[in-house]
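Have a look at the structure below before the remarks.
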Amino acid sequence: MLIISQVFRPINAKAMKKILITLIVLAVIAASYGYYMYNKPVESLENKEAEVTISADQLIADYESDEKAANEKYLGKVVMVNGKITDITNEEGKKKVNLETSNPISAIICEMEENKKTEHLKAGDMIKVKGMCSGYLSDVILVQSVVVN
Amino acid sequence: MKNIFFIVMLLSTQLAFGQKYFSKTGKISFKSEASMEKIEAQNASASTALDINSGNLEWAVLIQGFKFDKALMQEHFNENYMESSTYPKAKFKGKIDNISAVNFLKDGVYNVTATGQLEMHGITKPVATSGVITVKGGAISAKSNFSVLLADYGITIPKLVADNISKTVDITVDVSYQLMPTE
């Protein structure tokens, strides 16, 4: 008995130490991963694939005919819209590019992703914009938009 | 001559008072602070209309248009708390009670109160708040701050995080109005 414990004790202590260190390392990894996930900023749509591609006219038409059905198709999705710029606004650093639709009082309002340049854009340009569709308030509003070349 | 003067006066006052103002760039932000968690988000594309004659006031905002710094917070806000795919909008419909206290022809900062119905998360409740209307060189802007109790709107906080999340939320609205084009 004495011999056995003498033989095994050092091994057990070593094993315990290994297990402990492994556990601590795992806990640190889990905690930092948790912290990283918790603080992770909202991801850019730059490298995200659009789920739907549609013209500005068709998008507004879908919302005008049946808002609920349109929300099922577009709300919360990354939508690529083709359209003509009517104007670009920049209020306190918040840039918006508005696209023309067949309805004179409705636009596709594209809130641009922060730090995105819009200087090269001008009214009348035909562009493709990718953004997250946040719904309809007489205009369809896309957020986090980026211009696609 | 006197009559013409009178008619002109009458017309000009009607022009100044019988008008509707609107904006599609209304700002709404909210903040909730608890010991552990500070939650903040902004939306700069709210729609609002104000009739300066009757005091009728309307606001509408898209829930998924609120911007957060943290992705996870934005996700939880939309999916667990506001259920924004089912309830994509929040709306306010009401009145500025003392609109007559505002002289829209004279620059100044006017204290007002507003009451109405606030709909969010599919539930409508009465709200009352105070705010200011600023008239400056013919331009009209409005600001208000009020707080809502999440439980009033059926927004439940999971028990596990109940101590970390405030039960009330402070909402700030801020807008510069434009004259609504007449049809």
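Each chain in the structure tokens gets a letter, A, B and so on, in the order shown; residues start at 1 in every chain, and ligands are counted from 1 in the order they appear.
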What are the residues of chain A lining chain B at 7 Å or less? Count only C-alpha atoms, and put the answer as a short mmCIF file (atom, residue, chain, number, x, y, z; two decimals) with N, CA and C atoms, in the first residue's frame.
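Result file is iface_30.cif:
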data_model
loop_
_atom_site.label_atom_id
_atom_site.label_comp_id
_atom_site.auth_asym_id
_atom_site.auth_seq_id
_atom_site.Cartn_x
_atom_site.Cartn_y
_atom_site.Cartn_z
N TYR A 38 -19.47 39.68 -26.77
CA TYR A 38 -20.29 40.71 -26.13
C TYR A 38 -19.99 42.09 -26.72
N ASN A 39 -18.71 42.34 -26.98
CA ASN A 39 -18.30 43.66 -27.46
C ASN A 39 -18.19 43.77 -28.97
N LYS A 40 -18.46 42.69 -29.65
CA LYS A 40 -18.30 42.66 -31.10
C LYS A 40 -19.16 43.75 -31.75
N PRO A 41 -18.53 44.60 -32.56
CA PRO A 41 -19.33 45.65 -33.20
C PRO A 41 -20.24 45.07 -34.29
N VAL A 42 -21.23 45.87 -34.68
CA VAL A 42 -22.13 45.44 -35.74
C VAL A 42 -21.31 45.27 -37.03
N LEU A 75 -37.85 42.43 -44.93
CA LEU A 75 -37.49 42.98 -43.62
C LEU A 75 -36.35 42.22 -42.97
N SER A 134 -35.00 47.90 -43.31
CA SER A 134 -35.58 48.04 -41.97
C SER A 134 -37.09 48.27 -42.03
N GLY A 135 -37.65 48.33 -43.23
CA GLY A 135 -39.11 48.43 -43.34
C GLY A 135 -39.57 49.63 -44.15
N VAL A 143 -30.67 50.32 -44.02
CA VAL A 143 -29.62 50.79 -43.11
C VAL A 143 -28.32 50.06 -43.43
#
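All residues within range 59-102 of chain A that the backbone DSSP calculation assigns to alpha helix (DSSP H) are Leu59, Ile60, Ala61, Asp62, Tyr63, Glu64, Ser65, Glu67, Lys68, Ala69, Ala70, Asn71, Glu72, Lys73 and Tyr74 of chain A.
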TODO: For range 111-120 of chain A, list every protein, DNA or RNA residue within 9 Å, evaluated using only C-alpha atoms, and leave out those in the same chain fewer than 2 positions away; present the list as a ChimeraX atom specification.
DONE: /A:44-45,88,93-98,109,122,131,141-147 /B:44-45
Limited to C-alpha atoms, could you put the picked residues into a file as a PDB file, in the first residue's frame?
ATOM      1  CA  SER A  44     -20.284  45.607 -42.088  1.00  0.00           C
ATOM      2  CA  LEU A  45     -22.408  44.384 -44.982  1.00  0.00           C
ATOM      3  CA  ILE A  88     -27.550  62.813 -51.112  1.00  0.00           C
ATOM      4  CA  GLY A  93     -22.125  63.004 -40.415  1.00  0.00           C
ATOM      5  CA  LYS A  94     -25.109  60.764 -41.142  1.00  0.00           C
ATOM      6  CA  LYS A  95     -25.075  60.227 -44.871  1.00  0.00           C
ATOM      7  CA  LYS A  96     -28.148  59.185 -46.778  1.00  0.00           C
ATOM      8  CA  VAL A  97     -28.493  58.405 -50.455  1.00  0.00           C
ATOM      9  CA  ASN A  98     -32.047  58.620 -51.757  1.00  0.00           C
ATOM     10  CA  ILE A 109     -33.687  55.979 -48.346  1.00  0.00           C
ATOM     11  CA  LYS A 122     -24.106  62.592 -57.496  1.00  0.00           C
ATOM     12  CA  GLY A 131     -28.316  47.458 -47.327  1.00  0.00           C
ATOM     13  CA  ILE A 141     -35.404  52.524 -45.478  1.00  0.00           C
ATOM     14  CA  LEU A 142     -32.194  50.569 -45.895  1.00  0.00           C
ATOM     15  CA  VAL A 143     -29.622  50.788 -43.110  1.00  0.00           C
ATOM     16  CA  GLN A 144     -25.877  50.058 -43.101  1.00  0.00           C
ATOM     17  CA  SER A 145     -25.868  50.588 -46.850  1.00  0.00           C
ATOM     18  CA  VAL A 146     -22.820  50.256 -49.057  1.00  0.00           C
ATOM     19  CA  VAL A 147     -22.515  51.120 -52.723  1.00  0.00           C
TER      20      VAL A 147
ATOM     21  CA  ALA B  44     -32.088  59.117 -37.583  1.00  0.00           C
ATOM     22  CA  SER B  45     -34.874  58.253 -40.022  1.00  0.00           C
TER      23      SER B  45
END
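Put simply, CA of Ser32 in chain B is 28.8 Å away from CA of Ile140 in chain B.
Using only C-alpha atoms, the smallest distance between any of B:Ala34, B:Met180, B:Val135, B:Ala151 and Leu50 in chain B comes from B:Met180.
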- [ ] Determine which residues of chain A receive a DSSP assignment of strand (DSSP E or B), computed from the backbone, and state them as a PyMOL selection string.
- [x] chain A and resi 41+52-55+78-91+94-99+108-112+126-136+140-148
Open item on the list: If we count only C-alpha atoms and set the cut-off at 7 Å, which residues sit around Thr172 in chain B, ignoring sequence neighbours fewer than 5 positions away in its own chain? Please answer as JSON, numbers by chain.
Closed with: {"B": [28, 29, 30, 144, 145, 146]}
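You can rank B:Glu37, B:Glu58, B:Glu83, B:Asp170 by their closest distance to Gly76 in chain A using only C-alpha atoms, and at the top of that list sits B:Glu83.
With only C-alpha atoms taken into account, the protein and nucleic acid residues at most 8 Å from Glu51 in chain A (excluding it and anything under 5 positions from it in its own chain) are A:Lys77, A:Val78, A:Val79, A:Met80.
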Could those selected residues go to a file with N, CA and C atoms, as an mmCIF file, in the first residue's frame?
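Output below, filename out.cif:
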data_model
loop_
_atom_site.group_PDB
_atom_site.id
_atom_site.type_symbol
_atom_site.label_atom_id
_atom_site.label_comp_id
_atom_site.auth_asym_id
_atom_site.auth_seq_id
_atom_site.Cartn_x
_atom_site.Cartn_y
_atom_site.Cartn_z
ATOM 1 N N LYS A 77 -33.507 41.700 -44.106
ATOM 2 C CA LYS A 77 -32.638 40.999 -45.046
ATOM 3 C C LYS A 77 -31.687 41.961 -45.742
ATOM 4 N N VAL A 78 -30.579 41.421 -46.211
ATOM 5 C CA VAL A 78 -29.644 42.235 -47.002
ATOM 6 C C VAL A 78 -30.188 42.280 -48.425
ATOM 7 N N VAL A 79 -30.549 43.494 -48.850
ATOM 8 C CA VAL A 79 -31.207 43.673 -50.142
ATOM 9 C C VAL A 79 -30.326 44.531 -51.046
ATOM 10 N N MET A 80 -30.173 44.099 -52.285
ATOM 11 C CA MET A 80 -29.427 44.885 -53.270
ATOM 12 C C MET A 80 -30.440 45.617 -54.147
#
